[in-house]
Amino acid sequence: MSDTFKSLERAPGDSRFSLTGILDAIRVNADGLIPAIAQQHDSGEVLMMAWMNREALEETLKTGRVCYWSRSRGKLWRKGESSGQQQHLKGAALDCDGDTLLLKVDQTGPACHSGRRSCFYVALEGDEARIVSDPLIDPDTLYGKG
């Protein structure tokens, strides 16, 4: 854990710190990425997990439209740029170690590329896996493939 996040452990509520200093102290993986969990701001529903680099996080904080780093495409990915299903930032927080982000968002339609509201639709129950939700939109329709 960085000295910055260690020092925050004893900080009283409503203490203020430089955003740049906190962003500099974020613990990223070898690829310069941090996991970001997107949660619907009003219901608490966990929608998805994706990756952010410093540029994606700064853009998200500046514009209010959530931007991730696409590992498969090797570039910034503004959520909804191909599907239209955007995420608008309502709040952002780092965990106590500075190595995971929680994004409180307002999700337009499905968050998952499968057309489902949440990416977490495969429940592991006993000795089987069960699909717990139906797609809201057919993926081919969502991405214009049909």
# chains A, B, ... in the order shown; residues from 1 in each chain; ligands from 1
$ closest_atom_pairs --of "range 14-69 of chain A" --to "range 118-126 of chain A" --cutoff "9 Å" --atoms "only C-alpha atoms" --output "CSV"
residue,atom,partner,partner_atom,distance
A:Glu45,CA,A:Ser118,CA,8.0
A:Val46,CA,A:Ser118,CA,6.8
A:Leu47,CA,A:Ser118,CA,4.2
A:Met48,CA,A:Cys119,CA,5.3
A:Met49,CA,A:Cys119,CA,8.1
$ write_last_selection --atoms "C-alpha atoms" --output "PDB file, in the first residue's frame"
ATOM      1  CA  GLU A  45     -27.131  -2.818  -8.705  1.00  0.00           C
ATOM      2  CA  VAL A  46     -23.617  -3.873  -9.743  1.00  0.00           C
ATOM      3  CA  LEU A  47     -23.542  -3.496 -13.522  1.00  0.00           C
ATOM      4  CA  MET A  48     -20.065  -4.358 -14.725  1.00  0.00           C
ATOM      5  CA  MET A  49     -16.333  -4.316 -14.125  1.00  0.00           C
TER       6      MET A  49
END
$ closest_atom_pairs --of "range 5-55 of chain A" --to "range 84-101 of chain A" --cutoff "8 Å" --atoms "only C-alpha atoms" --output "CSV"
residue,atom,partner,partner_atom,distance
A:Phe5,CA,A:Asp97,CA,6.0
A:Lys6,CA,A:Asp97,CA,7.8
A:Glu9,CA,A:Cys96,CA,7.4
A:Ala25,CA,A:Gly98,CA,7.2
A:Ile26,CA,A:Gly98,CA,4.9
A:Arg27,CA,A:Asp99,CA,4.8
A:Val28,CA,A:Asp99,CA,6.3
A:Ile34,CA,A:Thr100,CA,6.0
A:Pro35,CA,A:Thr100,CA,5.3
A:Ala36,CA,A:Leu101,CA,4.5
A:Ile37,CA,A:Leu101,CA,6.1
A:His41,CA,A:Lys90,CA,6.7
$ write_last_selection --atoms "all heavy atoms" --output "CSV table (one decimal), in the first residue's frame"
chain,number,residue,atom,x,y,z
A,5,PHE,N,-2.1,6.3,0.8
A,5,PHE,CA,-3.3,5.6,1.2
A,5,PHE,C,-3.2,5.2,2.7
A,5,PHE,O,-4.1,5.1,3.4
A,5,PHE,CB,-3.7,4.5,0.3
A,5,PHE,CG,-4.3,5.0,-1.0
A,5,PHE,CD1,-3.5,5.3,-2.1
A,5,PHE,CD2,-5.6,5.4,-1.0
A,5,PHE,CE1,-4.1,5.8,-3.2
A,5,PHE,CE2,-6.2,5.9,-2.1
A,5,PHE,CZ,-5.4,6.1,-3.3
A,6,LYS,N,-2.0,4.8,3.1
A,6,LYS,CA,-1.7,4.5,4.5
A,6,LYS,C,-2.1,5.7,5.4
A,6,LYS,O,-2.7,5.6,6.5
A,6,LYS,CB,-0.3,4.0,4.7
A,6,LYS,CG,0.0,3.5,6.1
A,6,LYS,CD,-0.7,2.1,6.2
A,6,LYS,CE,-0.3,1.5,7.6
A,6,LYS,NZ,-1.2,0.4,8.0
A,9,GLU,N,-5.8,6.4,6.2
A,9,GLU,CA,-6.5,5.5,7.1
A,9,GLU,C,-7.0,6.2,8.4
A,9,GLU,O,-8.0,5.9,8.9
A,9,GLU,CB,-5.6,4.3,7.5
A,9,GLU,CG,-5.4,3.3,6.4
A,9,GLU,CD,-4.5,2.2,6.8
A,9,GLU,OE1,-4.0,2.1,8.0
A,9,GLU,OE2,-4.3,1.3,5.9
A,25,ALA,N,-1.0,8.4,-6.5
A,25,ALA,CA,-0.8,7.3,-5.6
A,25,ALA,C,-1.6,6.1,-5.9
A,25,ALA,O,-1.3,5.1,-5.3
A,25,ALA,CB,-1.1,7.8,-4.2
A,26,ILE,N,-2.5,6.2,-6.9
A,26,ILE,CA,-3.3,5.0,-7.2
A,26,ILE,C,-2.3,3.8,-7.6
A,26,ILE,O,-1.4,4.0,-8.3
A,26,ILE,CB,-4.2,5.3,-8.4
A,26,ILE,CG1,-5.4,6.2,-7.9
A,26,ILE,CG2,-4.8,4.0,-9.0
A,26,ILE,CD1,-6.3,6.6,-9.0
A,27,ARG,N,-2.7,2.6,-7.1
A,27,ARG,CA,-1.9,1.4,-7.4
A,27,ARG,C,-2.5,0.8,-8.7
A,27,ARG,O,-3.6,0.3,-8.7
A,27,ARG,CB,-1.9,0.5,-6.3
A,27,ARG,CG,-1.2,1.1,-5.1
A,27,ARG,CD,-1.3,0.2,-3.8
A,27,ARG,NE,-0.9,-1.2,-4.2
A,27,ARG,CZ,-1.3,-2.2,-3.5
A,27,ARG,NH1,-2.2,-2.1,-2.6
A,27,ARG,NH2,-0.9,-3.4,-3.9
A,28,VAL,N,-1.7,0.8,-9.7
A,28,VAL,CA,-2.2,0.2,-11.0
A,28,VAL,C,-1.4,-1.1,-11.2
A,28,VAL,O,-0.4,-1.4,-10.6
A,28,VAL,CB,-1.9,1.1,-12.2
A,28,VAL,CG1,-2.8,2.4,-12.1
A,28,VAL,CG2,-0.5,1.5,-12.3
A,34,ILE,N,-6.3,0.0,-13.6
A,34,ILE,CA,-7.0,-0.2,-12.3
A,34,ILE,C,-8.4,-0.7,-12.6
A,34,ILE,O,-9.1,-0.3,-13.5
A,34,ILE,CB,-7.0,1.1,-11.4
A,34,ILE,CG1,-7.6,0.8,-10.0
A,34,ILE,CG2,-7.7,2.2,-12.2
A,34,ILE,CD1,-7.5,2.0,-9.1
A,35,PRO,N,-8.8,-1.8,-11.8
A,35,PRO,CA,-10.2,-2.2,-12.0
A,35,PRO,C,-11.2,-1.2,-11.6
A,35,PRO,O,-11.0,-0.5,-10.5
A,35,PRO,CB,-10.3,-3.5,-11.2
A,35,PRO,CG,-9.2,-3.5,-10.2
A,35,PRO,CD,-8.1,-2.5,-10.8
A,36,ALA,N,-12.3,-1.1,-12.3
A,36,ALA,CA,-13.4,-0.1,-12.0
A,36,ALA,C,-14.7,-0.9,-12.0
A,36,ALA,O,-15.1,-1.5,-13.0
A,36,ALA,CB,-13.4,1.0,-13.0
A,37,ILE,N,-15.4,-0.8,-10.9
A,37,ILE,CA,-16.7,-1.5,-10.8
A,37,ILE,C,-17.8,-0.4,-11.0
A,37,ILE,O,-17.7,0.6,-10.3
A,37,ILE,CB,-16.8,-2.1,-9.4
A,37,ILE,CG1,-15.8,-3.2,-9.2
A,37,ILE,CG2,-18.2,-2.7,-9.2
A,37,ILE,CD1,-15.6,-3.6,-7.8
A,41,HIS,N,-26.3,4.1,-9.5
A,41,HIS,CA,-26.2,5.0,-8.3
A,41,HIS,C,-27.5,5.0,-7.4
A,41,HIS,O,-27.4,5.1,-6.2
A,41,HIS,CB,-26.0,6.5,-8.8
A,41,HIS,CG,-27.2,7.1,-9.4
A,41,HIS,ND1,-28.0,8.0,-8.7
A,41,HIS,CD2,-27.7,7.0,-10.6
A,41,HIS,CE1,-29.0,8.4,-9.5
A,41,HIS,NE2,-28.8,7.8,-10.7
$ residues_around --residues "Ser114 in chain A" --least-positions-apart "5" --cutoff "9 Å" --atoms "only C-alpha atoms" --output "number ranges by chain"
A: 119, 135-139, 142
$ write_last_selection --atoms "all heavy atoms" --output "CSV table (one decimal), in the first residue's frame"
chain,number,residue,atom,x,y,z
A,119,CYS,N,-23.7,-7.3,-16.3
A,119,CYS,CA,-22.8,-8.3,-16.8
A,119,CYS,C,-22.8,-9.6,-15.9
A,119,CYS,O,-22.4,-10.6,-16.3
A,119,CYS,CB,-21.4,-7.8,-16.9
A,119,CYS,SG,-21.1,-6.5,-18.1
A,135,PRO,N,-31.9,-10.9,-21.9
A,135,PRO,CA,-31.4,-9.7,-22.5
A,135,PRO,C,-32.6,-8.7,-22.6
A,135,PRO,O,-33.7,-9.1,-22.9
A,135,PRO,CB,-31.0,-10.2,-23.9
A,135,PRO,CG,-30.7,-11.6,-23.8
A,135,PRO,CD,-31.7,-12.1,-22.7
A,136,LEU,N,-32.3,-7.4,-22.4
A,136,LEU,CA,-33.2,-6.4,-22.6
A,136,LEU,C,-33.3,-6.0,-24.1
A,136,LEU,O,-34.4,-5.6,-24.6
A,136,LEU,CB,-32.8,-5.1,-21.8
A,136,LEU,CG,-32.7,-5.3,-20.3
A,136,LEU,CD1,-32.2,-4.0,-19.7
A,136,LEU,CD2,-34.0,-5.6,-19.7
A,137,ILE,N,-32.2,-6.2,-24.8
A,137,ILE,CA,-32.0,-5.9,-26.2
A,137,ILE,C,-31.2,-7.0,-26.8
A,137,ILE,O,-30.2,-7.4,-26.3
A,137,ILE,CB,-31.4,-4.5,-26.5
A,137,ILE,CG1,-32.2,-3.4,-25.8
A,137,ILE,CG2,-31.2,-4.2,-27.9
A,137,ILE,CD1,-31.4,-2.0,-25.8
A,138,ASP,N,-31.6,-7.5,-28.0
A,138,ASP,CA,-30.8,-8.5,-28.7
A,138,ASP,C,-29.4,-7.8,-29.0
A,138,ASP,O,-29.4,-6.7,-29.5
A,138,ASP,CB,-31.5,-8.9,-30.0
A,138,ASP,CG,-30.7,-9.9,-30.8
A,138,ASP,OD1,-29.8,-9.5,-31.6
A,138,ASP,OD2,-30.9,-11.1,-30.6
A,139,PRO,N,-28.3,-8.5,-28.7
A,139,PRO,CA,-27.0,-8.0,-29.0
A,139,PRO,C,-26.8,-7.5,-30.4
A,139,PRO,O,-26.1,-6.5,-30.7
A,139,PRO,CB,-26.0,-9.1,-28.6
A,139,PRO,CG,-26.8,-10.0,-27.7
A,139,PRO,CD,-28.3,-9.8,-28.1
A,142,LEU,N,-28.4,-4.3,-30.7
A,142,LEU,CA,-27.7,-3.3,-29.9
A,142,LEU,C,-26.4,-2.7,-30.6
A,142,LEU,O,-26.1,-1.6,-30.5
A,142,LEU,CB,-27.2,-4.0,-28.6
A,142,LEU,CG,-26.7,-3.2,-27.4
A,142,LEU,CD1,-27.6,-2.1,-27.0
A,142,LEU,CD2,-26.2,-4.1,-26.3
$ select_by_dssp --residues "chain A" --states "helix (DSSP H, G or I)" --output "PyMOL selection string"
chain A and resi 3-8+19-25+54-63+139-142
$ write_last_selection --atoms "N, CA, C and O atoms" --output "CSV table (one decimal), in the first residue's frame"
chain,number,residue,atom,x,y,z
A,3,ASP,N,2.2,5.0,0.8
A,3,ASP,CA,2.2,5.9,2.0
A,3,ASP,C,1.0,6.8,2.0
A,3,ASP,O,0.5,7.1,3.0
A,4,THR,N,0.6,7.3,0.8
A,4,THR,CA,-0.5,8.2,0.7
A,4,THR,C,-1.8,7.5,1.2
A,4,THR,O,-2.5,8.0,2.1
A,5,PHE,N,-2.1,6.3,0.8
A,5,PHE,CA,-3.3,5.6,1.2
A,5,PHE,C,-3.2,5.2,2.7
A,5,PHE,O,-4.1,5.1,3.4
A,6,LYS,N,-2.0,4.8,3.1
A,6,LYS,CA,-1.7,4.5,4.5
A,6,LYS,C,-2.1,5.7,5.4
A,6,LYS,O,-2.7,5.6,6.5
A,7,SER,N,-1.7,6.9,5.0
A,7,SER,CA,-1.9,8.1,5.8
A,7,SER,C,-3.4,8.5,5.8
A,7,SER,O,-3.9,9.1,6.7
A,8,LEU,N,-4.1,8.1,4.8
A,8,LEU,CA,-5.6,8.4,4.7
A,8,LEU,C,-6.4,7.5,5.7
A,8,LEU,O,-7.5,7.9,6.1
A,19,LEU,N,-6.4,16.2,-5.6
A,19,LEU,CA,-6.8,15.1,-6.5
A,19,LEU,C,-5.6,14.6,-7.2
A,19,LEU,O,-5.4,13.4,-7.4
A,20,THR,N,-4.7,15.5,-7.7
A,20,THR,CA,-3.5,15.0,-8.4
A,20,THR,C,-2.7,14.1,-7.5
A,20,THR,O,-2.2,13.1,-8.0
A,21,GLY,N,-2.5,14.5,-6.3
A,21,GLY,CA,-1.7,13.6,-5.4
A,21,GLY,C,-2.3,12.3,-5.2
A,21,GLY,O,-1.6,11.2,-5.1
A,22,ILE,N,-3.7,12.2,-5.1
A,22,ILE,CA,-4.3,10.9,-4.9
A,22,ILE,C,-4.2,10.1,-6.2
A,22,ILE,O,-3.9,8.9,-6.1
A,23,LEU,N,-4.4,10.7,-7.3
A,23,LEU,CA,-4.3,10.0,-8.6
A,23,LEU,C,-2.9,9.5,-8.8
A,23,LEU,O,-2.7,8.4,-9.3
A,24,ASP,N,-1.9,10.3,-8.4
A,24,ASP,CA,-0.5,9.8,-8.5
A,24,ASP,C,-0.2,8.6,-7.6
A,24,ASP,O,0.6,7.8,-7.9
A,25,ALA,N,-1.0,8.4,-6.5
A,25,ALA,CA,-0.8,7.3,-5.6
A,25,ALA,C,-1.6,6.1,-5.9
A,25,ALA,O,-1.3,5.1,-5.3
A,54,ARG,N,-5.0,6.0,-16.3
A,54,ARG,CA,-5.1,7.4,-15.8
A,54,ARG,C,-5.9,8.3,-16.7
A,54,ARG,O,-6.7,9.1,-16.2
A,55,GLU,N,-5.6,8.2,-18.0
A,55,GLU,CA,-6.3,9.1,-19.0
A,55,GLU,C,-7.8,8.8,-18.9
A,55,GLU,O,-8.6,9.8,-19.0
A,56,ALA,N,-8.2,7.6,-18.9
A,56,ALA,CA,-9.7,7.3,-18.8
A,56,ALA,C,-10.3,7.8,-17.6
A,56,ALA,O,-11.4,8.4,-17.6
A,57,LEU,N,-9.6,7.7,-16.5
A,57,LEU,CA,-10.2,8.2,-15.2
A,57,LEU,C,-10.3,9.7,-15.2
A,57,LEU,O,-11.3,10.3,-14.8
A,58,GLU,N,-9.2,10.4,-15.7
A,58,GLU,CA,-9.3,11.8,-15.7
A,58,GLU,C,-10.4,12.3,-16.7
A,58,GLU,O,-11.1,13.3,-16.4
A,59,GLU,N,-10.5,11.7,-17.8
A,59,GLU,CA,-11.6,12.1,-18.7
A,59,GLU,C,-13.0,11.9,-18.1
A,59,GLU,O,-13.8,12.7,-18.2
A,60,THR,N,-13.1,10.8,-17.4
A,60,THR,CA,-14.4,10.5,-16.8
A,60,THR,C,-14.7,11.5,-15.7
A,60,THR,O,-15.8,12.1,-15.7
A,61,LEU,N,-13.7,11.9,-14.9
A,61,LEU,CA,-13.9,12.9,-13.9
A,61,LEU,C,-14.2,14.3,-14.4
A,61,LEU,O,-15.0,15.0,-13.9
A,62,LYS,N,-13.6,14.6,-15.6
A,62,LYS,CA,-13.7,15.9,-16.2
A,62,LYS,C,-15.1,16.0,-16.9
A,62,LYS,O,-15.7,17.0,-16.8
A,63,THR,N,-15.5,15.0,-17.7
A,63,THR,CA,-16.6,15.1,-18.6
A,63,THR,C,-17.9,14.6,-17.9
A,63,THR,O,-19.0,14.9,-18.4
A,139,PRO,N,-28.3,-8.5,-28.7
A,139,PRO,CA,-27.0,-8.0,-29.0
A,139,PRO,C,-26.8,-7.5,-30.4
A,139,PRO,O,-26.1,-6.5,-30.7
A,140,ASP,N,-27.4,-8.3,-31.4
A,140,ASP,CA,-27.2,-7.9,-32.8
A,140,ASP,C,-27.9,-6.5,-33.1
A,140,ASP,O,-27.4,-5.7,-33.8
A,141,THR,N,-29.0,-6.3,-32.4
A,141,THR,CA,-29.7,-5.0,-32.6
A,141,THR,C,-28.9,-3.9,-31.9
A,141,THR,O,-28.8,-2.8,-32.4
A,142,LEU,N,-28.4,-4.3,-30.7
A,142,LEU,CA,-27.7,-3.3,-29.9
A,142,LEU,C,-26.4,-2.7,-30.6
A,142,LEU,O,-26.1,-1.6,-30.5
$ atom_distance --atom1 "CA of Trp51 in chain A" --atom2 "CA of Asp106 in chain A"
18.0 Å
$ select_by_dssp --residues "range 52-98 of chain A" --states "strand (DSSP E or B)" --output "list in words"
Met52, Arg65, Cys67, Tyr68, Trp69, Ser70, Lys75, Leu76, Trp77, Arg78, Gln87, His88, Leu89, Lys90, Gly91, Ala92, Ala93 and Leu94 of chain A
$ closest_residue --among "A:Gly115, A:Ser18, A:Tyr143, A:Gln107" --to "Glu81 in chain A" --atoms "only C-alpha atoms"
A:Tyr143
$ decode --residues "range 81-110 of chain A" --atoms "N, CA, C and O atoms" --output "mmCIF file, in the first residue's frame"
data_model
loop_
_atom_site.group_PDB
_atom_site.id
_atom_site.type_symbol
_atom_site.label_atom_id
_atom_site.label_comp_id
_atom_site.auth_asym_id
_atom_site.auth_seq_id
_atom_site.Cartn_x
_atom_site.Cartn_y
_atom_site.Cartn_z
ATOM 1 N N GLU A 81 -20.244 4.136 -26.933
ATOM 2 C CA GLU A 81 -19.890 4.758 -28.210
ATOM 3 C C GLU A 81 -20.370 3.946 -29.407
ATOM 4 O O GLU A 81 -20.646 4.506 -30.455
ATOM 5 N N SER A 82 -20.512 2.625 -29.254
ATOM 6 C CA SER A 82 -21.042 1.837 -30.367
ATOM 7 C C SER A 82 -22.465 1.352 -30.108
ATOM 8 O O SER A 82 -23.220 1.154 -31.043
ATOM 9 N N SER A 83 -22.855 1.194 -28.847
ATOM 10 C CA SER A 83 -24.191 0.684 -28.528
ATOM 11 C C SER A 83 -25.194 1.786 -28.192
ATOM 12 O O SER A 83 -26.395 1.543 -28.229
ATOM 13 N N GLY A 84 -24.698 2.956 -27.819
ATOM 14 C CA GLY A 84 -25.581 4.029 -27.372
ATOM 15 C C GLY A 84 -25.970 3.922 -25.909
ATOM 16 O O GLY A 84 -26.647 4.794 -25.372
ATOM 17 N N GLN A 85 -25.535 2.872 -25.228
ATOM 18 C CA GLN A 85 -25.903 2.622 -23.828
ATOM 19 C C GLN A 85 -24.847 3.247 -22.915
ATOM 20 O O GLN A 85 -23.960 2.576 -22.419
ATOM 21 N N GLN A 86 -24.951 4.525 -22.681
ATOM 22 C CA GLN A 86 -23.929 5.289 -21.971
ATOM 23 C C GLN A 86 -24.030 5.154 -20.454
ATOM 24 O O GLN A 86 -25.067 4.777 -19.917
ATOM 25 N N GLN A 87 -22.926 5.494 -19.805
ATOM 26 C CA GLN A 87 -22.896 5.631 -18.354
ATOM 27 C C GLN A 87 -22.510 7.061 -18.030
ATOM 28 O O GLN A 87 -21.516 7.575 -18.550
ATOM 29 N N HIS A 88 -23.298 7.678 -17.156
ATOM 30 C CA HIS A 88 -23.008 9.029 -16.699
ATOM 31 C C HIS A 88 -22.615 8.963 -15.235
ATOM 32 O O HIS A 88 -23.332 8.374 -14.419
ATOM 33 N N LEU A 89 -21.485 9.561 -14.919
ATOM 34 C CA LEU A 89 -20.916 9.480 -13.575
ATOM 35 C C LEU A 89 -21.719 10.287 -12.573
ATOM 36 O O LEU A 89 -22.023 11.458 -12.802
ATOM 37 N N LYS A 90 -22.057 9.653 -11.470
ATOM 38 C CA LYS A 90 -22.725 10.324 -10.348
ATOM 39 C C LYS A 90 -21.794 10.441 -9.156
ATOM 40 O O LYS A 90 -21.999 11.279 -8.295
ATOM 41 N N GLY A 91 -20.770 9.594 -9.099
ATOM 42 C CA GLY A 91 -19.799 9.635 -8.014
ATOM 43 C C GLY A 91 -18.714 8.614 -8.253
ATOM 44 O O GLY A 91 -18.933 7.610 -8.941
ATOM 45 N N ALA A 92 -17.547 8.865 -7.685
ATOM 46 C CA ALA A 92 -16.418 7.943 -7.835
ATOM 47 C C ALA A 92 -15.685 7.866 -6.505
ATOM 48 O O ALA A 92 -15.568 8.864 -5.793
ATOM 49 N N ALA A 93 -15.208 6.665 -6.185
ATOM 50 C CA ALA A 93 -14.463 6.463 -4.940
ATOM 51 C C ALA A 93 -13.393 5.402 -5.156
ATOM 52 O O ALA A 93 -13.574 4.473 -5.952
ATOM 53 N N LEU A 94 -12.309 5.561 -4.435
ATOM 54 C CA LEU A 94 -11.242 4.564 -4.415
ATOM 55 C C LEU A 94 -11.384 3.726 -3.160
ATOM 56 O O LEU A 94 -11.851 4.225 -2.118
ATOM 57 N N ASP A 95 -10.951 2.467 -3.237
ATOM 58 C CA ASP A 95 -10.947 1.653 -2.031
ATOM 59 C C ASP A 95 -9.773 2.060 -1.142
ATOM 60 O O ASP A 95 -8.950 2.903 -1.523
ATOM 61 N N CYS A 96 -9.704 1.459 0.039
ATOM 62 C CA CYS A 96 -8.722 1.845 1.047
ATOM 63 C C CYS A 96 -7.280 1.629 0.613
ATOM 64 O O CYS A 96 -6.374 2.299 1.122
ATOM 65 N N ASP A 97 -7.033 0.710 -0.315
ATOM 66 C CA ASP A 97 -5.678 0.452 -0.794
ATOM 67 C C ASP A 97 -5.315 1.263 -2.032
ATOM 68 O O ASP A 97 -4.183 1.205 -2.490
ATOM 69 N N GLY A 98 -6.296 1.958 -2.609
ATOM 70 C CA GLY A 98 -6.029 2.733 -3.816
ATOM 71 C C GLY A 98 -5.806 1.861 -5.035
ATOM 72 O O GLY A 98 -5.132 2.286 -5.976
ATOM 73 N N ASP A 99 -6.406 0.650 -5.035
ATOM 74 C CA ASP A 99 -6.193 -0.220 -6.189
ATOM 75 C C ASP A 99 -7.483 -0.703 -6.848
ATOM 76 O O ASP A 99 -7.447 -1.574 -7.714
ATOM 77 N N THR A 100 -8.622 -0.137 -6.470
ATOM 78 C CA THR A 100 -9.905 -0.458 -7.099
ATOM 79 C C THR A 100 -10.790 0.777 -7.047
ATOM 80 O O THR A 100 -10.846 1.460 -6.023
ATOM 81 N N LEU A 101 -11.487 1.025 -8.148
ATOM 82 C CA LEU A 101 -12.424 2.154 -8.226
ATOM 83 C C LEU A 101 -13.859 1.652 -8.139
ATOM 84 O O LEU A 101 -14.185 0.590 -8.678
ATOM 85 N N LEU A 102 -14.704 2.437 -7.503
ATOM 86 C CA LEU A 102 -16.143 2.215 -7.523
ATOM 87 C C LEU A 102 -16.755 3.434 -8.192
ATOM 88 O O LEU A 102 -16.570 4.567 -7.726
ATOM 89 N N LEU A 103 -17.437 3.193 -9.308
ATOM 90 C CA LEU A 103 -18.093 4.267 -10.043
ATOM 91 C C LEU A 103 -19.593 4.161 -9.833
ATOM 92 O O LEU A 103 -20.191 3.128 -10.164
ATOM 93 N N LYS A 104 -20.194 5.185 -9.274
ATOM 94 C CA LYS A 104 -21.647 5.257 -9.162
ATOM 95 C C LYS A 104 -22.106 5.939 -10.440
ATOM 96 O O LYS A 104 -21.690 7.065 -10.735
ATOM 97 N N VAL A 105 -22.929 5.236 -11.214
ATOM 98 C CA VAL A 105 -23.293 5.714 -12.547
ATOM 99 C C VAL A 105 -24.803 5.721 -12.733
ATOM 100 O O VAL A 105 -25.545 5.067 -12.002
ATOM 101 N N ASP A 106 -25.218 6.450 -13.751
ATOM 102 C CA ASP A 106 -26.578 6.348 -14.258
ATOM 103 C C ASP A 106 -26.448 5.669 -15.611
ATOM 104 O O ASP A 106 -25.934 6.267 -16.563
ATOM 105 N N GLN A 107 -26.858 4.409 -15.671
ATOM 106 C CA GLN A 107 -26.714 3.587 -16.866
ATOM 107 C C GLN A 107 -27.933 3.751 -17.767
ATOM 108 O O GLN A 107 -29.061 3.611 -17.318
ATOM 109 N N THR A 108 -27.697 4.025 -19.038
ATOM 110 C CA THR A 108 -28.753 4.060 -20.044
ATOM 111 C C THR A 108 -28.913 2.654 -20.597
ATOM 112 O O THR A 108 -27.994 2.135 -21.237
ATOM 113 N N GLY A 109 -30.044 1.995 -20.339
ATOM 114 C CA GLY A 109 -30.301 0.659 -20.880
ATOM 115 C C GLY A 109 -29.345 -0.383 -20.344
ATOM 116 O O GLY A 109 -28.852 -0.279 -19.228
ATOM 117 N N PRO A 110 -29.061 -1.421 -21.156
ATOM 118 C CA PRO A 110 -28.189 -2.501 -20.694
ATOM 119 C C PRO A 110 -26.730 -2.051 -20.587
ATOM 120 O O PRO A 110 -26.250 -1.275 -21.402
#
